[in-house]
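**Student:** Structure below; questions to follow.
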Amino acid sequence: MTAPKPAPAKAPLPEPVLNRKNGILMADRRWPTDQWAHPWSLPGYRNGALMLAGIILGILGGGALIGELSKWGDKLYALMAAFATAKGISTVAVDAVWVAIKVLIVLHVILVNGLWSIWWERKISAHIQSRVGPTYAGGFHGWAQTICDGIKLFLKEDITPAAADHWVHALAPAIVIAPCIAAFAPVLFGTDLAAARLDVGTLYVFAFAGISVIGVVMAGWASGNKYSLLGGLRAAAQIVSYELPRGFSVVPVIMFAGSLDLSVIADAQSGYWWGVAPRWFVFYPVVGQVAFLIFLIASIAETNRTPFDIPEAESELVGGFHTEYSGMKWSVFFLAEYAYVLLASFLLATFFLGGGGSPLPWAPFTLVPSWIWMLSKAMFMMFVFLWVRWTLPRLRVDQLMDFNWKFLLPWSFANIAVAGLYLAFWLK
Amino acid sequence: MTSEAATAAIPALRSDQLFVNLGPQHPSTHGVLRVGLTIEGEVIVKAVPDIGYLHRGTEKLAEARGYHHCVVLTDRWDYVASMPNNLVFCLAAEKLLGVKATPRADALRVMMCELNRIASHLLFVGTYGIDIGAFTPFLYAFREREMILDLFEMVCGARLTYNYIRLGGVMVDVTPEWTAKLKEFLEYFKPKIDEYDQLLSYNPIFMARTQGVGLITAAEAVSWSLSGPNLRGSGVVYDARKADPYCGYENYDFDVVVGKEGSCWDRYFCRVTEMRQSVRIVEQVLAKLPEGPVMAAGVAKIPKPAPGEAYAHVEAARGDLGVHLVSDGGVSPFRMHVRAPSFLNLAILQEKLVGMKISDVIALLGSTDIVLGEVDR
Amino acid sequence: MTQDELLAKMQKKFPKAAKTAVQVKDYLTVSLPSKDDLIPVAAWLKKEGFDYLDMLTAVDYLGPVDMKGYIRQANFNVFLPEGAAPQAESAAVAGYAYRPVLELVWAFVSMKDKARIFVKLEVPRDAARAPSLSGLFKSADWQEREVFDLFGVVYDGHPNLTKILTPDFLQGHPLRKDYVHIKDRYDE
């Protein structure tokens with residue numbers, strides 16, 4: 001019999017970290033005072049400057065796509081037309097290709113806006129809430145977070161509930177997003193820079209933006225979920241109601257400009273009072289500010305964002321009309337939401353903030369291309385949207401309706417009357 | 001065709017009441033509460049709260065465990081503020097055993113319970129903001145709550161279920177380093193309460209959503225045996241810390257906060273103001289913290305109290321938390337009954353929700369600040 | 001009002017109400033001779049200012065708890081060596097007067113005087129009935145349902161006496177001392 005093998009010498013266990021000292025447990029974690037000293041937890045002005053730099057970079061990057069291409073637009077069209085006549089191709093085909101190119105650009109505005117504004121909203125909300133937001137994906141301030149989210153949403157299972165009306169359920173996101181894309185056709189991205197110049201641009205935008213509510217109601221109805229149904233009905237009531245003050249608040253602007261064409265409205269705001277103050281409609285005494293505020297508030301309500309987010313009110317209706325959506329169908333709703341925010345921002349910039357005009361009549365400002373001004377104004381308005389969303393609580397349904405019918409609508413009517421007086425006595 | 005004939009030709013529009021399950025999985029029920037709502041449009045016609053999804057039978061489990069083991073069970077009732085749970089069981093058991101905690105232990109108990117009350121009310125402020133639709137205050141409140149939990153972690157190693165208050169005293173003493181950190185925290189925290197007021201309490205939309213909503217009169221509050229801020233929000237001055245002082249609360253100077261009309265906002269604001277009072281109490285405890293041991297002598301490893309009955313109640317974060325203990329002289333409590341404030345605060349909902357809108361249901365449900373662990377026990 | 005004054009006042013009105021042998025420590029505890037006295041006593045107390053029904057519960061005095069079915073390990077202290085004597089197991093205590101009764105307990109609080117009184121009533125286990133206080137105190141509603149669910153005490157006159165905490169399929173009343181858990185589909 002052989003002697004039992006001696007047990008192999010084990011490596012000594014590492015010394016346990018003594019975290020119990022003087023009878024109290026000393027937490028190994030960083031003590032919160034270090035956390036308080038951390039710049040993120042304070043109103044981080046230093047990092048705010050960095051953020052601002054990032055935002056400006058984003059504006060420049062996004063805008064270059066449209067703004068700088070447009071300079072080559074006429075030359076490109078002429079080149080195509082010359083090529084077509086040389087080859088004997090009908091000019092209709094050339095125009096068709098030309099429209100397709102413009103449509104693609106507008107479509108990309110919406111898609112890039114989705115990427116950009118979701119990341120931006122996350123960052124803004126994080127800083128409002130004394131957090132840092134996404135920091136990991138992509139390296140620099142989590143810039144690739146939305147891309148990763150998008151990939152995740154693509155890979156998610158697309159669930160249709162058993163109780164759902166399958167066709168309507170699948171059709172609803174399309175009905176929400178399609179009019180939204182169409183509504184971008186006459187939107188100005190700079191001075192005289194739009195996919196299509198329409199005489200009735202204002203009406204066209206409002207008409208198309210109003211169609212989406214049908215998709216929302218369809219989504220709520222078809223999901224086979226009571227919360228979705230309630231959300232869809234709330235959305236119908238809310239969006240239809242807020243269409244009125246939103247439309248009426250623009251009437252003074254149309255009266256001053258004398259046209260429904262967005263380009264004419266923007267051009268009507270060129271020039272400066274006393275050589276300094278821009279003649280933007282928002283600076284027209286009283287009428288301009290009231291119209292601006294009503295349009296801003298109604299736009300927030302139209303886009304279903306806090307404090308008017310009762311159709312999706314997550315603490316009441318779980319997710320409202322999109323409770324039963326997942327994967328890409330769900331993200332289409334969100335793409336549409338952000339596209340509407342962008343649309344509202346561009347409209348605010350066009351109607352009230354002088355479109356692509358420079359705020360000051362001096363050299364460094366006037367040299368800046370119009371699309372940069374336009375985008376800056378639109379992005380500022382978008383920031384206002386995010387700011388409001390992450391600051392305010394939510395209204396109740398009846399308060400929301402009261403606010404619309406008893407406050408916004410009468411004031412927008414009064415505003416039109418005062419604008420008429422301006423036209424009669426001041427701006428004749 | 002006459003108009004009557006035209007009307008008759010259209011089939012009558014069928015309208016029906018809708019039954020909606022609010023919970024047990026719902027963002028705003030704060031746990032596994034289910035409320036069966038019958039709604040007509042947005043208005044509630046009938047509301048039936050359904051509880052028991054988290055019933056773990058604590059009272060039965062206690063009958064087969066030693067007294068020291070039962071302290072662990074108490075942590076799981078109100079898991080948001082479990083120091084008072086530990087305390088109330090220990091007070092009842094100490095009455096049975098005839099043990100008195102040392103002065104330093106009493107002071108530490110008061111301090112920990114008040115800190116836990118602040119932590120619990122902070123959670124309420126945050127989640128109530130979310131219920132009303134304001135997401136931002138939640139993270140501000142949690143930032144401060146995190147620091148209190150860090151303080152608890154330093155002293156007892158746990159962040160949620162502390163098991164810190166034991167029969168006869170407390171688990172361990174605190175060190176001067178810890179009290180220094182606590183002072184630092186209090187100085188940091190005091191101005192933060194004003195911040196919540198600016199951010200949420202006096203927000204016009206928040207006030208429009210909560211003032212005049214979910215009114216509970218003083219008579220109703222007493223009849224339904226509400227307690228804590230829910231009772232005081234209706235204007236009834238009743239606080240176990242003043243009415244039936246324990247652990248030397250009579251030595252500290254603080255005010256009982258009451259509301260005016262019993263609306264959701266009153267209950268909310270009672271809690272915000274109670275945080276200021278709690279800070280006052282903690283500061284007083286810190287100023288005159290007695291020296292000495294933190295554990296009374298003579299508590300056995302396996303306590304066997306003489307046959308008898310005892311009842312102890314404390315003002316926990318959610319109301320008047322009581323424990324009724326019966327001993328037959330054995331190693332386990334013969335019977336333990338928990339008078340759970342959340343359980344009683346929830347019962348009023350079935351009457352109050354009728355006639356409200358869905359949004360108000362969330363506002364009222366949030367303002368009662370229930371913890372389902374305590375409701376179901 | 002001290003405890004003795006309150007007791008004297010009460011006994012003037014209800015001569016049969018007596019102090020119990022085992023008092024709830026620090027509080028006045030009164031026992032009622034029969035269940036018919038409960039409603040008058042509660043109404044009188046409410047009139048006297050005890051308008052807050054603080055607590056409502058029951059105690060089963062049958063004997064030590066039967067732990068079959070819900071204690072998996074006799075010795076749940078994992079730090080004890082193998083085969084150690086089981087700790088903290090409930091067992092009959094010699095000399096304690098176990099009896100087949102359910103003792104119902106009510107606690108009333110006066111919001112005005114901050115005073116508290118416990119009222120007790122013994123009912124037989126096999127015919128556990130008592131009048132409901134839900135007409136006088138609304139909070140009795142859920143608390144009586146709880147005691148009904150866990151002890152099987154039937155409160156006469158309760159508007160909606162149904163189970164509240166335990167699941168619908170659970171047989172028996174778990175807090176009775178002789179309750180034995182029957183395995184169901186949720187046990188592994």
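In the structure tokens, chains take the letters A, B, ... in the order shown, each chain's residues start at 1, and ligands count up from 1 in the order shown.
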Do you know which residues are at most 12 Å from C:Gln11 counting only C-alpha atoms, after dropping those on the same chain fewer than 6 positions away, and could you put them as a list of chain:residue names?
**Tutor:** C:Asp4, C:Glu5, C:Ala17, C:Ala18, C:Lys19, C:Val30, C:Ser31, C:Leu32, C:Val41, C:Trp44
**Student:** Give me, as a ChimeraX atom specification, all polymer residues having an atom no more than 10 Å from A:Gly114, counting only C-alpha atoms and skipping those fewer than 4 positions away in the same chain.
**Tutor:** /A:108-110,118-120,146-147,150,331-332,334-339,342
**Student:** Can you write out the residues you just picked, keeping N, CA and C atoms, as a PDB file, in the first residue's frame?
**Tutor:**
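Done, and the output landed in again.pdb:
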```
ATOM      1  N   HIS A 108     -34.035  61.806 -45.364  1.00  0.00           N
ATOM      2  CA  HIS A 108     -32.875  61.685 -44.488  1.00  0.00           C
ATOM      3  C   HIS A 108     -32.861  62.731 -43.403  1.00  0.00           C
ATOM      4  N   VAL A 109     -33.464  63.882 -43.674  1.00  0.00           N
ATOM      5  CA  VAL A 109     -33.589  64.863 -42.596  1.00  0.00           C
ATOM      6  C   VAL A 109     -34.302  64.217 -41.419  1.00  0.00           C
ATOM      7  N   ILE A 110     -35.387  63.496 -41.710  1.00  0.00           N
ATOM      8  CA  ILE A 110     -36.173  62.889 -40.628  1.00  0.00           C
ATOM      9  C   ILE A 110     -35.381  61.784 -39.936  1.00  0.00           C
ATOM     10  N   ILE A 118     -32.759  62.010 -30.417  1.00  0.00           N
ATOM     11  CA  ILE A 118     -32.903  61.065 -29.298  1.00  0.00           C
ATOM     12  C   ILE A 118     -31.671  61.153 -28.411  1.00  0.00           C
ATOM     13  N   TRP A 119     -30.492  61.185 -29.056  1.00  0.00           N
ATOM     14  CA  TRP A 119     -29.272  61.335 -28.254  1.00  0.00           C
ATOM     15  C   TRP A 119     -29.306  62.653 -27.510  1.00  0.00           C
ATOM     16  N   TRP A 120     -29.728  63.701 -28.193  1.00  0.00           N
ATOM     17  CA  TRP A 120     -29.721  65.029 -27.574  1.00  0.00           C
ATOM     18  C   TRP A 120     -30.698  65.075 -26.414  1.00  0.00           C
ATOM     19  N   THR A 146     -27.859  56.106 -29.867  1.00  0.00           N
ATOM     20  CA  THR A 146     -29.084  55.927 -30.652  1.00  0.00           C
ATOM     21  C   THR A 146     -28.909  54.858 -31.710  1.00  0.00           C
ATOM     22  N   ILE A 147     -27.685  54.784 -32.279  1.00  0.00           N
ATOM     23  CA  ILE A 147     -27.440  53.763 -33.304  1.00  0.00           C
ATOM     24  C   ILE A 147     -27.582  52.383 -32.677  1.00  0.00           C
ATOM     25  N   GLY A 150     -31.099  51.674 -32.102  1.00  0.00           N
ATOM     26  CA  GLY A 150     -31.766  51.325 -33.355  1.00  0.00           C
ATOM     27  C   GLY A 150     -31.511  49.883 -33.741  1.00  0.00           C
ATOM     28  N   SER A 331     -40.660  51.937 -32.867  1.00  0.00           N
ATOM     29  CA  SER A 331     -39.701  53.010 -33.109  1.00  0.00           C
ATOM     30  C   SER A 331     -40.199  53.944 -34.206  1.00  0.00           C
ATOM     31  N   VAL A 332     -41.066  53.457 -35.092  1.00  0.00           N
ATOM     32  CA  VAL A 332     -41.634  54.356 -36.098  1.00  0.00           C
ATOM     33  C   VAL A 332     -42.481  55.427 -35.420  1.00  0.00           C
ATOM     34  N   PHE A 334     -41.897  56.642 -32.594  1.00  0.00           N
ATOM     35  CA  PHE A 334     -40.996  57.613 -31.982  1.00  0.00           C
ATOM     36  C   PHE A 334     -40.304  58.473 -33.013  1.00  0.00           C
ATOM     37  N   LEU A 335     -39.990  57.846 -34.147  1.00  0.00           N
ATOM     38  CA  LEU A 335     -39.423  58.617 -35.251  1.00  0.00           C
ATOM     39  C   LEU A 335     -40.406  59.721 -35.641  1.00  0.00           C
ATOM     40  N   ALA A 336     -41.682  59.359 -35.702  1.00  0.00           N
ATOM     41  CA  ALA A 336     -42.695  60.351 -36.081  1.00  0.00           C
ATOM     42  C   ALA A 336     -42.783  61.443 -35.031  1.00  0.00           C
ATOM     43  N   GLU A 337     -42.683  61.055 -33.753  1.00  0.00           N
ATOM     44  CA  GLU A 337     -42.774  62.072 -32.709  1.00  0.00           C
ATOM     45  C   GLU A 337     -41.653  63.092 -32.848  1.00  0.00           C
ATOM     46  N   TYR A 338     -40.434  62.570 -33.033  1.00  0.00           N
ATOM     47  CA  TYR A 338     -39.306  63.499 -33.148  1.00  0.00           C
ATOM     48  C   TYR A 338     -39.379  64.283 -34.437  1.00  0.00           C
ATOM     49  N   ALA A 339     -39.895  63.670 -35.504  1.00  0.00           N
ATOM     50  CA  ALA A 339     -40.043  64.414 -36.750  1.00  0.00           C
ATOM     51  C   ALA A 339     -41.032  65.546 -36.566  1.00  0.00           C
ATOM     52  N   LEU A 342     -39.338  68.324 -34.812  1.00  0.00           N
ATOM     53  CA  LEU A 342     -38.479  69.059 -35.740  1.00  0.00           C
ATOM     54  C   LEU A 342     -39.324  69.958 -36.639  1.00  0.00           C
TER      55      LEU A 342
END
```
**Student:** Near chain A, which residues of chain B fall within 9 Å when you count only C-alpha atoms, and what do they look like as a VMD selection string?
**Tutor:** chain B and resid 18 to 20 22 26 to 29 41 to 42 129 to 140 143 146 to 147 150 153 to 157 172 to 175 178 181 184 to 185 199 to 200 203 205 to 206 208 to 209 357 to 362
**Student:** Run DSSP on the backbone and tell me which residues of stretch 143-367 of chain B come out as alpha helix (DSSP H); list them as a PyMOL selection string.
**Tutor:** chain B and resi 143-156+176-196+204-210+218-223+229-232+240-243+264-287+341-347+349-352+358-367
**Student:** Include C-alpha atoms and write out the residues we just selected as a CSV table (one decimal), in the first residue's frame.
**Tutor:**
```csv
chain,number,residue,atom,x,y,z
B,143,ARG,CA,-29.6,61.5,-5.0
B,144,GLU,CA,-30.2,62.5,-1.4
B,145,ARG,CA,-31.8,59.2,-0.5
B,146,GLU,CA,-28.7,57.4,-1.7
B,147,MET,CA,-26.6,59.3,0.8
B,148,ILE,CA,-28.8,58.3,3.7
B,149,LEU,CA,-28.6,54.7,2.5
B,150,ASP,CA,-24.8,55.1,2.4
B,151,LEU,CA,-24.9,56.3,5.9
B,152,PHE,CA,-26.9,53.2,6.9
B,153,GLU,CA,-24.6,51.0,5.0
B,154,MET,CA,-21.7,52.4,6.9
B,155,VAL,CA,-23.3,51.8,10.2
B,156,CYS,CA,-24.9,48.4,9.7
B,176,PRO,CA,-17.2,59.9,15.5
B,177,GLU,CA,-16.3,59.6,11.8
B,178,TRP,CA,-19.8,58.5,11.1
B,179,THR,CA,-21.4,61.3,13.1
B,180,ALA,CA,-19.2,63.7,11.2
B,181,LYS,CA,-20.5,62.4,8.0
B,182,LEU,CA,-24.0,62.7,9.3
B,183,LYS,CA,-23.5,66.3,10.2
B,184,GLU,CA,-22.1,66.9,6.7
B,185,PHE,CA,-25.1,65.3,5.2
B,186,LEU,CA,-27.6,67.3,7.3
B,187,GLU,CA,-25.9,70.6,6.3
B,188,TYR,CA,-26.1,69.5,2.7
B,189,PHE,CA,-29.7,68.3,2.9
B,190,LYS,CA,-31.4,71.2,4.6
B,191,PRO,CA,-31.4,73.6,1.5
B,192,LYS,CA,-32.4,70.7,-0.7
B,193,ILE,CA,-35.9,70.6,0.7
B,194,ASP,CA,-36.4,74.1,-0.5
B,195,GLU,CA,-35.3,72.8,-3.9
B,196,TYR,CA,-38.1,70.2,-4.0
B,204,PRO,CA,-48.7,75.3,-10.8
B,205,ILE,CA,-49.5,72.2,-12.8
B,206,PHE,CA,-48.6,70.0,-9.9
B,207,MET,CA,-50.9,72.1,-7.6
B,208,ALA,CA,-53.7,72.0,-10.1
B,209,ARG,CA,-53.4,68.2,-10.3
B,210,THR,CA,-53.3,67.6,-6.5
B,218,ALA,CA,-61.1,64.6,9.3
B,219,ALA,CA,-64.1,62.5,10.2
B,220,GLU,CA,-63.6,60.1,7.3
B,221,ALA,CA,-59.9,59.8,8.1
B,222,VAL,CA,-60.6,58.8,11.7
B,223,SER,CA,-63.4,56.5,10.8
B,229,PRO,CA,-49.4,61.8,7.0
B,230,ASN,CA,-52.7,60.6,5.6
B,231,LEU,CA,-54.4,61.3,8.9
B,232,ARG,CA,-52.5,64.5,9.6
B,240,ALA,CA,-47.5,58.5,18.2
B,241,ARG,CA,-44.3,60.3,18.9
B,242,LYS,CA,-46.3,62.9,20.9
B,243,ALA,CA,-49.3,60.9,21.9
B,264,CYS,CA,-53.5,65.0,-2.2
B,265,TRP,CA,-51.4,68.1,-2.0
B,266,ASP,CA,-51.8,68.3,1.8
B,267,ARG,CA,-50.7,64.8,2.3
B,268,TYR,CA,-47.7,65.4,0.0
B,269,PHE,CA,-46.8,68.6,1.7
B,270,CYS,CA,-47.1,67.0,5.2
B,271,ARG,CA,-44.4,64.6,4.2
B,272,VAL,CA,-42.1,67.3,2.7
B,273,THR,CA,-42.5,69.3,5.9
B,274,GLU,CA,-42.0,66.3,8.1
B,275,MET,CA,-38.6,65.9,6.5
B,276,ARG,CA,-37.7,69.3,8.0
B,277,GLN,CA,-38.9,68.2,11.4
B,278,SER,CA,-37.0,65.0,11.1
B,279,VAL,CA,-33.8,66.9,10.4
B,280,ARG,CA,-34.5,69.0,13.5
B,281,ILE,CA,-34.9,65.8,15.6
B,282,VAL,CA,-31.7,64.3,14.2
B,283,GLU,CA,-29.8,67.5,15.0
B,284,GLN,CA,-31.0,67.4,18.6
B,285,VAL,CA,-30.1,63.8,19.0
B,286,LEU,CA,-26.6,64.5,17.7
B,287,ALA,CA,-26.2,67.5,20.0
B,341,PRO,CA,-50.6,51.5,8.5
B,342,SER,CA,-50.5,50.9,4.8
B,343,PHE,CA,-53.2,48.2,5.0
B,344,LEU,CA,-55.6,50.6,6.7
B,345,ASN,CA,-54.6,53.6,4.5
B,346,LEU,CA,-55.4,51.5,1.4
B,347,ALA,CA,-58.9,50.5,2.5
B,349,LEU,CA,-59.6,53.8,-1.7
B,350,GLN,CA,-62.7,51.7,-2.5
B,351,GLU,CA,-64.9,54.5,-1.3
B,352,LYS,CA,-62.8,57.5,-2.4
B,358,ILE,CA,-58.3,57.9,-14.1
B,359,SER,CA,-55.6,60.6,-13.7
B,360,ASP,CA,-56.9,61.4,-10.2
B,361,VAL,CA,-56.9,57.7,-9.3
B,362,ILE,CA,-53.1,57.8,-9.8
B,363,ALA,CA,-52.9,61.0,-7.8
B,364,LEU,CA,-54.8,59.7,-4.9
B,365,LEU,CA,-53.2,56.2,-4.9
B,366,GLY,CA,-49.8,57.8,-5.0
B,367,SER,CA,-50.6,60.3,-2.2
```
**Student:** Name the residues in contact with stretch 190-201 of chain A at a cut-off of 7 Å, using only C-alpha atoms, excluding same-chain residues fewer than 5 positions from it; report them as a list in words.
**Tutor:**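 Contacts, with the query itself left out: Lys102, Ala185, Leu260, Asp261, Leu262, Ser263, Gly355, Gly356, Ser370, Trp371 and Met374 of chain A.
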**Student:** Enumerate as a ChimeraX atom specification the residues belonging to chain B that approach chain C to within 7 Å, with only C-alpha atoms taken into account.
**Tutor:** /B:51-52,55,60,63-66,222-225,238,243,308-311,328-332,335,339,344,347,376
